[in-house]
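J.: Contents of my_file.cif (mmCIF, C-alpha atoms and all ligand atoms):
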data_protein
#
loop_
_atom_site.label_atom_id
_atom_site.label_comp_id
_atom_site.auth_asym_id
_atom_site.auth_seq_id
_atom_site.Cartn_x
_atom_site.Cartn_y
_atom_site.Cartn_z
CA MET A 123 38.42 14.60 20.27
CA SER A 124 34.64 14.05 20.14
CA TYR A 125 32.53 11.22 21.49
CA ALA A 126 29.11 9.89 20.57
CA ALA A 127 26.55 7.61 22.18
CA VAL A 128 24.26 5.21 20.34
CA LEU A 129 20.84 4.54 21.86
CA GLY A 130 19.61 1.08 20.83
CA TYR A 131 21.57 -1.95 19.60
CA GLY A 132 19.10 -3.40 17.10
CA THR A 133 19.65 -3.59 13.35
CA VAL A 134 20.58 0.07 12.84
CA GLY A 135 22.45 0.47 16.16
CA SER A 136 24.68 -2.54 15.58
CA GLY A 137 25.17 -1.36 11.98
CA THR A 138 26.30 2.05 13.23
CA VAL A 139 28.87 0.53 15.62
CA GLU A 140 30.12 -1.69 12.79
CA PHE A 141 30.20 1.26 10.38
CA PHE A 142 32.35 3.29 12.82
CA ARG A 143 34.83 0.42 13.13
CA LYS A 144 35.05 -0.24 9.40
CA ASN A 145 35.21 3.41 8.33
CA LYS A 146 37.22 4.90 11.20
CA ALA A 147 39.79 6.61 8.99
CA ALA A 148 37.22 8.22 6.68
CA ILE A 149 35.02 9.28 9.61
CA GLU A 150 37.85 11.00 11.45
CA LYS A 151 39.12 12.65 8.27
CA ARG A 152 35.66 14.09 7.54
CA ALA A 153 35.09 15.04 11.18
CA GLY A 154 38.49 16.77 11.25
CA GLN A 155 39.28 15.20 14.62
CA PRO A 156 39.30 11.83 16.42
CA PHE A 157 35.65 10.78 16.79
CA ASN A 158 34.40 7.58 18.33
CA ILE A 159 31.44 5.91 20.05
CA LYS A 160 31.81 5.94 23.83
CA TYR A 161 28.52 4.33 24.91
CA VAL A 162 25.82 2.03 23.53
CA LEU A 163 22.60 2.08 25.51
CA ASP A 164 20.38 -1.00 25.51
CA THR A 165 18.46 -2.88 28.18
CA ARG A 166 19.54 -6.20 26.65
CA ASP A 167 22.73 -8.01 27.66
CA LEU A 168 25.35 -6.95 25.10
CA ARG A 169 28.03 -9.39 26.31
CA GLY A 170 29.56 -11.19 23.35
CA THR A 171 28.64 -8.40 20.92
CA GLU A 172 30.88 -5.76 19.38
CA ALA A 173 29.34 -3.23 21.80
CA GLU A 174 30.21 -5.18 24.96
CA SER A 175 32.78 -2.70 26.29
CA LEU A 176 30.53 0.29 25.48
CA ALA A 177 27.30 -0.99 27.03
CA VAL A 178 25.30 1.10 29.51
CA THR A 179 21.68 0.73 30.65
CA ASP A 180 21.23 4.10 32.37
CA PHE A 181 20.67 7.09 30.08
CA SER A 182 21.83 9.56 32.75
CA VAL A 183 25.42 8.26 32.30
CA ILE A 184 25.29 9.62 28.73
CA GLU A 185 23.31 12.71 29.65
CA ASN A 186 25.84 13.74 32.31
CA ASP A 187 29.01 12.99 30.37
CA PRO A 188 30.33 16.29 28.93
CA GLU A 189 32.63 14.38 26.53
CA VAL A 190 29.58 13.09 24.62
CA THR A 191 28.51 15.76 22.13
CA VAL A 192 26.44 13.61 19.72
CA VAL A 193 23.67 11.13 20.52
CA ALA A 194 22.30 8.78 17.84
CA GLU A 195 18.82 7.54 18.73
CA VAL A 196 18.01 4.32 16.86
CA ILE A 197 15.61 2.73 19.34
CA GLY A 198 12.42 3.46 17.41
CA GLY A 199 8.96 4.37 18.71
CA ALA A 200 8.07 7.67 20.35
CA THR A 201 8.06 6.89 24.07
CA PHE A 202 11.59 6.22 25.43
CA ALA A 203 13.07 7.63 22.25
CA TYR A 204 11.17 10.92 22.70
CA ASP A 205 12.20 11.26 26.34
CA PHE A 206 15.88 10.52 25.60
CA ALA A 207 15.85 12.84 22.57
CA LYS A 208 14.59 15.79 24.62
CA ARG A 209 17.00 15.11 27.46
CA ALA A 210 19.97 14.79 25.10
CA ILE A 211 19.16 18.07 23.35
CA LYS A 212 18.59 19.90 26.64
CA ALA A 213 21.96 18.57 27.83
CA GLY A 214 23.54 20.33 24.82
CA LYS A 215 24.11 17.25 22.66
CA SER A 216 23.27 17.01 18.96
CA LEU A 217 20.57 14.45 18.29
CA ILE A 218 20.70 12.18 15.24
CA THR A 219 17.88 9.74 14.55
CA SER A 220 16.67 7.14 12.08
CA ASN A 221 13.31 7.06 13.86
CA LYS A 222 10.46 7.91 11.45
CA GLU A 223 7.79 7.88 14.11
CA LEU A 224 9.70 10.33 16.29
CA VAL A 225 10.37 12.78 13.45
CA ALA A 226 6.87 12.53 11.94
CA THR A 227 5.10 13.13 15.26
CA LYS A 228 7.58 15.31 17.21
CA GLY A 229 9.77 16.79 14.47
CA ALA A 230 8.71 20.43 14.74
CA GLU A 231 9.01 20.40 18.53
CA LEU A 232 12.47 18.77 18.50
CA LEU A 233 13.74 21.09 15.76
CA LYS A 234 12.65 24.07 17.86
CA LEU A 235 14.26 22.62 20.99
CA ALA A 236 17.50 21.94 19.10
CA ASN A 237 17.61 25.51 17.80
CA GLU A 238 17.03 26.87 21.30
CA ASN A 239 19.86 24.73 22.64
CA GLY A 240 22.29 25.41 19.79
CA VAL A 241 22.62 21.79 18.66
CA HIS A 242 21.76 19.76 15.58
CA PHE A 243 18.66 17.64 15.16
CA SER A 244 19.26 15.56 12.01
CA PHE A 245 17.31 12.66 10.57
CA GLU A 246 18.70 11.71 7.15
CA ALA A 247 18.24 7.99 7.91
CA SER A 248 14.55 8.40 8.75
CA VAL A 249 13.49 8.44 5.08
CA GLY A 250 14.93 6.28 2.31
CA GLY A 251 17.53 4.42 4.40
CA GLY A 252 20.85 5.12 2.71
CA ILE A 253 19.46 7.52 0.08
CA PRO A 254 20.51 11.13 0.67
CA VAL A 255 17.18 12.93 0.37
CA ILE A 256 16.62 15.05 3.49
CA ARG A 257 19.75 17.17 3.14
CA PRO A 258 19.23 17.76 -0.60
CA ILE A 259 15.68 19.03 0.11
CA LYS A 260 16.90 21.16 3.05
CA GLN A 261 19.89 22.61 1.23
CA CYS A 262 20.13 22.10 -2.54
CA LEU A 263 16.43 22.64 -3.29
CA SER A 264 15.75 25.09 -0.48
CA THR A 265 15.07 28.10 -2.71
CA ASP A 266 12.76 26.39 -5.21
CA VAL A 267 9.01 26.13 -4.68
CA LEU A 268 8.29 22.43 -4.42
CA GLN A 269 4.96 21.36 -5.92
CA SER A 270 4.89 17.67 -5.08
CA VAL A 271 6.82 14.87 -3.46
CA SER A 272 6.00 11.21 -3.82
CA GLY A 273 7.63 7.86 -3.84
CA ILE A 274 8.15 4.28 -2.86
CA LEU A 275 9.25 4.78 0.72
CA ASN A 276 9.09 1.32 2.29
CA GLY A 277 11.63 -1.34 1.36
CA THR A 278 9.75 -4.23 2.98
CA THR A 279 6.50 -3.77 1.06
CA ASN A 280 8.30 -3.06 -2.20
CA TYR A 281 10.28 -6.26 -1.68
CA ILE A 282 7.07 -8.21 -0.97
CA LEU A 283 5.25 -6.85 -4.05
CA THR A 284 8.29 -7.55 -6.24
CA ARG A 285 8.68 -11.13 -4.99
CA MET A 286 4.94 -11.83 -5.37
CA GLU A 287 5.05 -10.49 -8.91
CA ASN A 288 8.33 -12.12 -10.05
CA ASP A 289 8.28 -15.41 -8.12
CA SER A 290 4.51 -15.97 -7.69
CA ILE A 291 5.06 -16.58 -3.96
CA THR A 292 2.55 -15.75 -1.24
CA PHE A 293 2.48 -12.56 0.75
CA GLN A 294 3.56 -14.45 3.93
CA GLN A 295 6.54 -16.14 2.22
CA ALA A 296 7.74 -12.82 0.84
CA LEU A 297 7.30 -11.08 4.23
CA LYS A 298 9.36 -13.80 5.93
CA GLN A 299 12.19 -13.23 3.42
CA ALA A 300 12.09 -9.46 4.03
CA GLN A 301 12.24 -10.03 7.79
CA ASP A 302 15.17 -12.45 7.43
CA LEU A 303 17.03 -9.82 5.40
CA GLY A 304 16.58 -7.23 8.18
CA TYR A 305 14.32 -4.88 6.18
CA ALA A 306 11.14 -5.08 8.23
CA GLU A 307 10.25 -3.16 11.39
CA ARG A 308 10.20 -5.16 14.63
CA ASP A 309 6.42 -5.19 14.23
CA PRO A 310 6.00 -5.65 10.45
CA SER A 311 2.41 -4.42 10.53
CA ALA A 312 3.84 -0.87 10.45
CA ASP A 313 5.31 -1.74 7.05
CA VAL A 314 2.44 -3.81 5.67
CA LEU A 315 -0.40 -1.50 6.77
CA GLY A 316 1.30 1.60 5.37
CA HIS A 317 2.14 3.38 8.66
CA ASP A 318 5.88 3.44 7.96
CA THR A 319 5.27 4.94 4.50
CA CYS A 320 2.83 7.42 6.02
CA ARG A 321 5.41 8.65 8.57
CA LYS A 322 8.00 9.05 5.82
CA ILE A 323 5.72 11.01 3.48
CA CYS A 324 4.77 13.23 6.43
CA ILE A 325 8.46 14.01 7.03
CA LEU A 326 9.05 14.75 3.33
CA ALA A 327 5.88 16.84 3.04
CA SER A 328 6.74 18.84 6.16
CA LEU A 329 10.19 19.60 4.74
CA ALA A 330 8.92 20.34 1.25
CA PHE A 331 5.99 22.55 2.24
CA GLY A 332 7.24 24.11 5.51
CA ARG A 333 4.37 23.04 7.76
CA GLN A 334 4.21 19.96 9.98
CA VAL A 335 2.03 17.26 8.42
CA TYR A 336 0.95 14.83 11.14
CA PRO A 337 0.36 11.12 10.34
CA GLU A 338 -3.14 11.14 11.84
CA SER A 339 -4.30 13.63 9.21
CA VAL A 340 -3.22 11.37 6.32
CA SER A 341 -5.46 8.70 4.78
CA THR A 342 -3.41 5.50 4.97
CA ALA A 343 -3.81 2.06 3.39
CA GLY A 344 -1.23 -0.71 3.06
CA ILE A 345 -0.72 -3.76 0.87
CA ASP A 346 -2.43 -6.29 3.15
CA LYS A 347 -5.41 -6.59 0.80
CA ILE A 348 -3.38 -6.93 -2.42
CA THR A 349 -3.64 -10.39 -3.95
CA LEU A 350 -1.68 -12.21 -6.64
CA ASP A 351 -4.77 -11.81 -8.84
CA ASP A 352 -4.63 -8.00 -8.40
CA ILE A 353 -0.97 -8.04 -9.44
CA ARG A 354 -1.66 -10.24 -12.51
CA GLN A 355 -4.63 -8.11 -13.61
CA ALA A 356 -2.60 -4.91 -13.22
CA ASP A 357 0.18 -6.47 -15.32
CA LYS A 358 -2.29 -7.31 -18.12
CA ASP A 359 -3.59 -3.73 -18.05
CA GLY A 360 -0.08 -2.23 -18.28
CA TYR A 361 0.48 -1.34 -14.63
CA LYS A 362 2.55 -2.34 -11.59
CA ILE A 363 1.08 -2.09 -8.12
CA LYS A 364 3.24 0.05 -5.83
CA LEU A 365 2.68 1.34 -2.31
CA LEU A 366 3.19 5.09 -2.58
CA GLY A 367 3.37 8.01 -0.22
CA ALA A 368 2.34 11.11 -2.14
CA ALA A 369 1.95 14.79 -1.27
CA LYS A 370 1.14 17.79 -3.41
CA ARG A 371 0.63 21.49 -2.91
CA VAL A 372 -3.04 22.44 -3.41
CA GLU A 373 -4.91 25.66 -2.91
CA ASP A 374 -4.99 26.53 0.82
CA GLY A 375 -2.91 23.55 1.92
CA VAL A 376 -1.52 20.18 0.95
CA SER A 377 -2.96 16.82 -0.06
CA VAL A 378 -1.20 13.77 1.31
CA ILE A 379 -1.97 10.06 0.97
CA THR A 380 -0.50 6.61 1.55
CA ALA A 381 -2.05 3.89 -0.61
CA PRO A 382 -1.35 1.16 -3.15
CA PHE A 383 -1.40 2.74 -6.62
CA LEU A 384 -1.60 1.38 -10.15
CA VAL A 385 1.57 2.81 -11.65
CA PRO A 386 1.83 2.78 -15.48
CA LYS A 387 4.77 0.61 -16.58
CA SER A 388 6.17 3.63 -18.44
CA ASN A 389 6.46 5.59 -15.16
CA GLN A 390 9.92 5.70 -13.54
CA LEU A 391 8.50 4.40 -10.26
CA ALA A 392 7.26 1.19 -11.92
CA ASN A 393 10.81 -0.07 -12.36
CA VAL A 394 11.85 0.46 -8.74
CA GLY A 395 11.91 -3.10 -7.39
CA ASP A 396 13.02 -5.20 -4.42
CA VAL A 397 14.13 -3.22 -1.35
CA PHE A 398 14.86 -0.12 -3.43
CA ASN A 399 13.09 3.15 -2.69
CA ALA A 400 12.63 6.16 -4.93
CA VAL A 401 11.60 9.70 -4.11
CA LEU A 402 10.30 11.91 -6.89
CA LEU A 403 10.20 15.69 -6.31
CA GLU A 404 8.72 18.30 -8.59
CA GLY A 405 10.13 21.79 -8.22
CA GLU A 406 8.63 24.87 -9.86
CA SER A 407 12.00 25.78 -11.39
CA THR A 408 13.98 22.55 -11.05
CA GLY A 409 11.34 20.29 -12.60
CA ASP A 410 11.48 16.58 -11.74
CA VAL A 411 14.24 15.32 -9.45
CA MET A 412 14.47 11.66 -8.51
CA PHE A 413 16.41 9.94 -5.73
CA TYR A 414 16.91 6.17 -5.87
CA GLY A 415 18.68 3.67 -3.66
CA ARG A 416 18.45 1.13 -0.85
CA GLY A 417 15.61 2.21 1.37
CA ALA A 418 16.15 -0.27 4.18
CA GLY A 419 18.79 -2.54 5.61
CA LYS A 420 21.45 -2.41 8.28
CA MET A 421 24.47 -0.86 6.59
CA PRO A 422 22.75 1.59 4.17
CA THR A 423 20.81 3.06 7.09
CA ALA A 424 23.87 3.02 9.38
CA SER A 425 25.76 4.95 6.73
CA ALA A 426 23.15 7.74 6.80
CA VAL A 427 23.22 7.82 10.64
CA ALA A 428 27.03 8.01 10.68
CA SER A 429 27.18 10.84 8.14
CA ASP A 430 24.73 12.91 10.21
CA MET A 431 26.87 12.19 13.29
CA VAL A 432 30.00 13.37 11.51
CA ASN A 433 28.22 16.43 10.18
CA ALA A 434 27.15 17.33 13.71
CA VAL A 435 30.71 17.38 15.05
CA LYS A 436 32.14 18.98 11.93
CA THR A 437 29.98 22.00 11.39
CA ASN A 438 27.42 24.28 12.91
CA ALA A 439 26.41 25.59 9.51
CA ASP A 440 23.06 23.93 8.92
CA ARG A 441 21.74 24.42 12.42
CA SER A 442 22.12 28.20 12.11
CA ALA A 443 19.54 28.21 9.28
CA PRO A 444 16.31 26.99 10.84
CA LEU A 445 13.95 25.06 8.60
CA PRO A 446 10.76 26.86 7.52
CA TRP A 447 8.99 23.95 9.19
CA VAL A 448 10.10 25.40 12.57
CA ASP A 449 9.48 29.05 11.77
CA SER A 450 5.88 28.53 10.70
CA GLY A 451 5.06 26.81 13.98
CA SER A 452 1.80 25.60 12.53
CA GLN A 453 0.23 22.48 11.19
CA ALA A 454 -0.44 22.00 7.48
CA PHE A 455 -4.05 22.05 6.31
CA VAL A 456 -4.41 18.58 4.77
CA LYS A 457 -7.09 18.18 2.07
CA PRO A 458 -8.48 14.90 0.68
CA TRP A 459 -6.58 13.33 -2.21
CA GLN A 460 -8.34 13.38 -5.60
CA SER A 461 -7.53 10.47 -7.92
CA GLY A 462 -9.07 7.81 -10.15
CA THR A 463 -9.57 4.39 -8.59
CA SER A 464 -9.79 0.78 -9.65
CA GLY A 465 -11.45 -1.10 -6.79
CA ASN A 466 -9.40 -0.28 -3.70
CA ILE A 467 -6.33 0.75 -5.72
CA LEU A 468 -5.70 4.34 -6.86
CA THR A 469 -4.35 5.12 -10.31
CA LEU A 470 -1.19 7.22 -10.60
CA GLU A 471 -1.81 10.09 -13.01
N1 LIG Q 501 10.95 -1.14 7.66
C1 LIG Q 501 11.48 -0.06 6.90
C2 LIG Q 501 11.37 -0.41 5.43
C3 LIG Q 501 12.91 0.16 7.30
O1 LIG Q 501 11.15 -1.57 5.11
O2 LIG Q 501 11.52 0.47 4.59
C4 LIG Q 501 13.49 1.44 6.80
O3 LIG Q 501 12.79 2.56 7.26
#
Starting from the file, lay out its structure as structure tokens.
Ligand code: HSE
T.:
Amino acid sequence: MSYAAVLGYGTVGSGTVEFFRKNKAAIEKRAGQPFNIKYVLDTRDLRGTEAESLAVTDFSVIENDPEVTVVAEVIGGATFAYDFAKRAIKAGKSLITSNKELVATKGAELLKLANENGVHFSFEASVGGGIPVIRPIKQCLSTDVLQSVSGILNGTTNYILTRMENDSITFQQALKQAQDLGYAERDPSADVLGHDTCRKICILASLAFGRQVYPESVSTAGIDKITLDDIRQADKDGYKIKLLGAAKRVEDGVSVITAPFLVPKSNQLANVGDVFNAVLLEGESTGDVMFYGRGAGKMPTASAVASDMVNAVKTNADRSAPLPWVDSGSQAFVKPWQSGTSGNILTLE
């Protein structure tokens, strides 16, 4: 019998509790043992919710309970989440997170701490919502030399751009719809200004190139200055406007950027619409590999959290092979991105 705790009962936390209820049989079959959520930590009153009987407000209850072997952190941010993550790992519990900010800013440190404490630190849900992309890079592509990684990494902004383009509605109307559908961050400026995409490309670049790429070293622009006129002009010229995170191996380091790009309509990324995300990898031997799916939303993201939780109780295999990201112990040298531009929008080559 194994038990887990979920930190945070927002969109992803409530989705994870729901996912465990709906998929109990499959979860326990894959885990090879009974496996359930024992606690849900939140400062809010959870009476009347599905988590009512699991609610705690004091993290030390979880920290000191030897029956809890897996902690899923879905609070967001890098203050409380960072403190709880370190304490959980030091208490010998595997740490699963969907928190992009935490992984992008503290990933190398937490991976090292997890290795020292013999537990998992897994973050499949931090990039691409329900799309399996972290584990394929870590495992299936681990022996190839990756040359570039890029993609549409934010569901909210892709939804907004798609709605503006297809329905000729304003930016604000489209943002409201994305918020109502549960795609946006609590503070949607992280989506709109490109910070969420930046954190995700930093995580992918760190995995792909084996050095931590920190968000503050990446030039970042969002879609807040994109107008309906920009979208119409791009359409006439044969392009779609997409917010991309992009990283490529260059001499002596990596180049990483977050910006709106003019993407030729013939490019695979041009047809990725609505809340969908796509990640395009280029391997020296593998060539192009593309991942596509729902990049945001309650249940797709909860599914990725739950599968990391099950993996943590099921196997020790992938924690015994530390990521190169940890071994190198050093920061990537990030060089400026070279690209053609059209006004404030880059052109995808
Ligand atoms: N706000 C994020 C997005 C959620 O829209 O993609 C998933 O990380």
J.: Hey, which bits of chain A sit within 7 Å of ligand LIG 501 (chain Q), and for each residue what's the closest pair of atoms and how far apart in Å (one decimal), counting all atoms listed in the file, rows by chain and increasing number, as a tab-separated table?
T.:
residue	atom	partner	partner_atom	distance
A:Ser248	CA	Q:LIG501	O3	6.3
A:Val249	CA	Q:LIG501	O3	6.3
A:Gly250	CA	Q:LIG501	O3	6.6
A:Gly251	CA	Q:LIG501	C4	5.6
A:Leu275	CA	Q:LIG501	O2	6.2
A:Asn276	CA	Q:LIG501	O2	3.5
A:Gly277	CA	Q:LIG501	O2	3.7
A:Thr278	CA	Q:LIG501	O1	3.7
A:Thr279	CA	Q:LIG501	O1	6.5
A:Tyr305	CA	Q:LIG501	O1	4.7
A:Ala306	CA	Q:LIG501	N1	4.0
A:Glu307	CA	Q:LIG501	N1	4.3
A:Asp313	CA	Q:LIG501	N1	5.7
A:Asp318	CA	Q:LIG501	C1	6.7
A:Gly417	CA	Q:LIG501	O2	5.5
A:Ala418	CA	Q:LIG501	C4	4.1
A:Gly419	CA	Q:LIG501	C3	6.7
J.: Around (5.8, 5.4, -12.6) in the file's frame, which residues reach within 10 Å when counting only C-alpha atoms? Return as a PDB file with C-alpha atoms, in the coordinates of the input?
T.:
ATOM      1  CA  GLY A 273       7.630   7.860  -3.840  1.00  0.00           C
ATOM      2  CA  TYR A 361       0.480  -1.340 -14.630  1.00  0.00           C
ATOM      3  CA  LYS A 362       2.550  -2.340 -11.590  1.00  0.00           C
ATOM      4  CA  ILE A 363       1.080  -2.090  -8.120  1.00  0.00           C
ATOM      5  CA  LYS A 364       3.240   0.050  -5.830  1.00  0.00           C
ATOM      6  CA  PHE A 383      -1.400   2.740  -6.620  1.00  0.00           C
ATOM      7  CA  LEU A 384      -1.600   1.380 -10.150  1.00  0.00           C
ATOM      8  CA  VAL A 385       1.570   2.810 -11.650  1.00  0.00           C
ATOM      9  CA  PRO A 386       1.830   2.780 -15.480  1.00  0.00           C
ATOM     10  CA  LYS A 387       4.770   0.610 -16.580  1.00  0.00           C
ATOM     11  CA  SER A 388       6.170   3.630 -18.440  1.00  0.00           C
ATOM     12  CA  ASN A 389       6.460   5.590 -15.160  1.00  0.00           C
ATOM     13  CA  GLN A 390       9.920   5.700 -13.540  1.00  0.00           C
ATOM     14  CA  LEU A 391       8.500   4.400 -10.260  1.00  0.00           C
ATOM     15  CA  ALA A 392       7.260   1.190 -11.920  1.00  0.00           C
ATOM     16  CA  ASN A 393      10.810  -0.070 -12.360  1.00  0.00           C
ATOM     17  CA  VAL A 394      11.850   0.460  -8.740  1.00  0.00           C
ATOM     18  CA  LEU A 402      10.300  11.910  -6.890  1.00  0.00           C
ATOM     19  CA  LEU A 470      -1.190   7.220 -10.600  1.00  0.00           C
ATOM     20  CA  GLU A 471      -1.810  10.090 -13.010  1.00  0.00           C
TER      21      GLU A 471
END
J.: With only C-alpha atoms as the counted atoms, please give the residues lying no more than 8 Å from range 182-195 of chain A, apart from itself and same-chain residues fewer than 5 positions off, as a list of chain:residue names.
T.: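 Surrounding residues, per the criterion: A:Ser124, A:Tyr125, A:Ala126, A:Ala127, A:Val128, A:Leu129, A:Gly130, A:Lys160, A:Tyr161, A:Ala203, A:Ala207, A:Arg209, A:Ala210, A:Ala213, A:Gly214, A:Lys215, A:Ser216, A:Leu217, A:Ile218, A:Thr219, A:Ser220, A:Asn221, A:Val427, A:Met431, A:Ala434, A:Val435.
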J.: Find the residues around Leu366 in chain A up to 6 Å (only C-alpha atoms counted), leave out those fewer than 6 positions away in its own chain, and share them as a PDB file with C-alpha atoms, in the frame of the given file.
T.:
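Result file out.pdb:
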ATOM      1  CA  GLY A 273       7.630   7.860  -3.840  1.00  0.00           C
ATOM      2  CA  ILE A 274       8.150   4.280  -2.860  1.00  0.00           C
ATOM      3  CA  THR A 380      -0.500   6.610   1.550  1.00  0.00           C
ATOM      4  CA  ALA A 381      -2.050   3.890  -0.610  1.00  0.00           C
TER       5      ALA A 381
END
J.: Which residue out of A:Ala312, A:Leu468, A:Ala400, A:Ala356 has the minimum interatomic distance to Pro254 in chain A when only C-alpha atoms are used?
T.: A:Ala400
J.: Determine the nearest neighbour of Ala424 in chain A from the options A:Ile253, A:Ala236, A:Gly395, A:Asp164, counting only C-alpha atoms.
T.: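 Using only C-alpha atoms, Ala424 in chain A sits closest to A:Ile253.
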J.: Considering only C-alpha atoms, state which residue in the set A:Ile211, A:Ala173, A:Leu232, A:Val271 is at the smallest distance from Gly405 in chain A.
T.: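 Going through A:Ile211, A:Ala173, A:Leu232, A:Val271 one by one, the smallest distance to Gly405 in chain A is for A:Val271.
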J.: Expressed in Å to a single decimal, how great is the separation between CA of Gly316 in chain A and CA of Ile345 in chain A?
T.: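 Value for the CA of Gly316 in chain A-CA of Ile345 in chain A distance: 7.3 Å.
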J.: Of the candidates A:Asp302, A:Asp205, A:Glu174, A:Glu246, which one gets nearest to Lys228 in chain A if we count only C-alpha atoms?
T.: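 Looking only at the distances to Lys228 in chain A, the closest residue turns out to be A:Asp205.
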J.: Padding 4 Å on every side, please: axis-aligned box over the listed atoms of range 297-305 of chain A, centre and edge lengths to one decimal in Å, as AutoDock Vina command-line options.
T.:
--center_x 12.2 --center_y -9.3 --center_z 5.8 --size_x 17.7 --size_y 16.9 --size_z 12.8
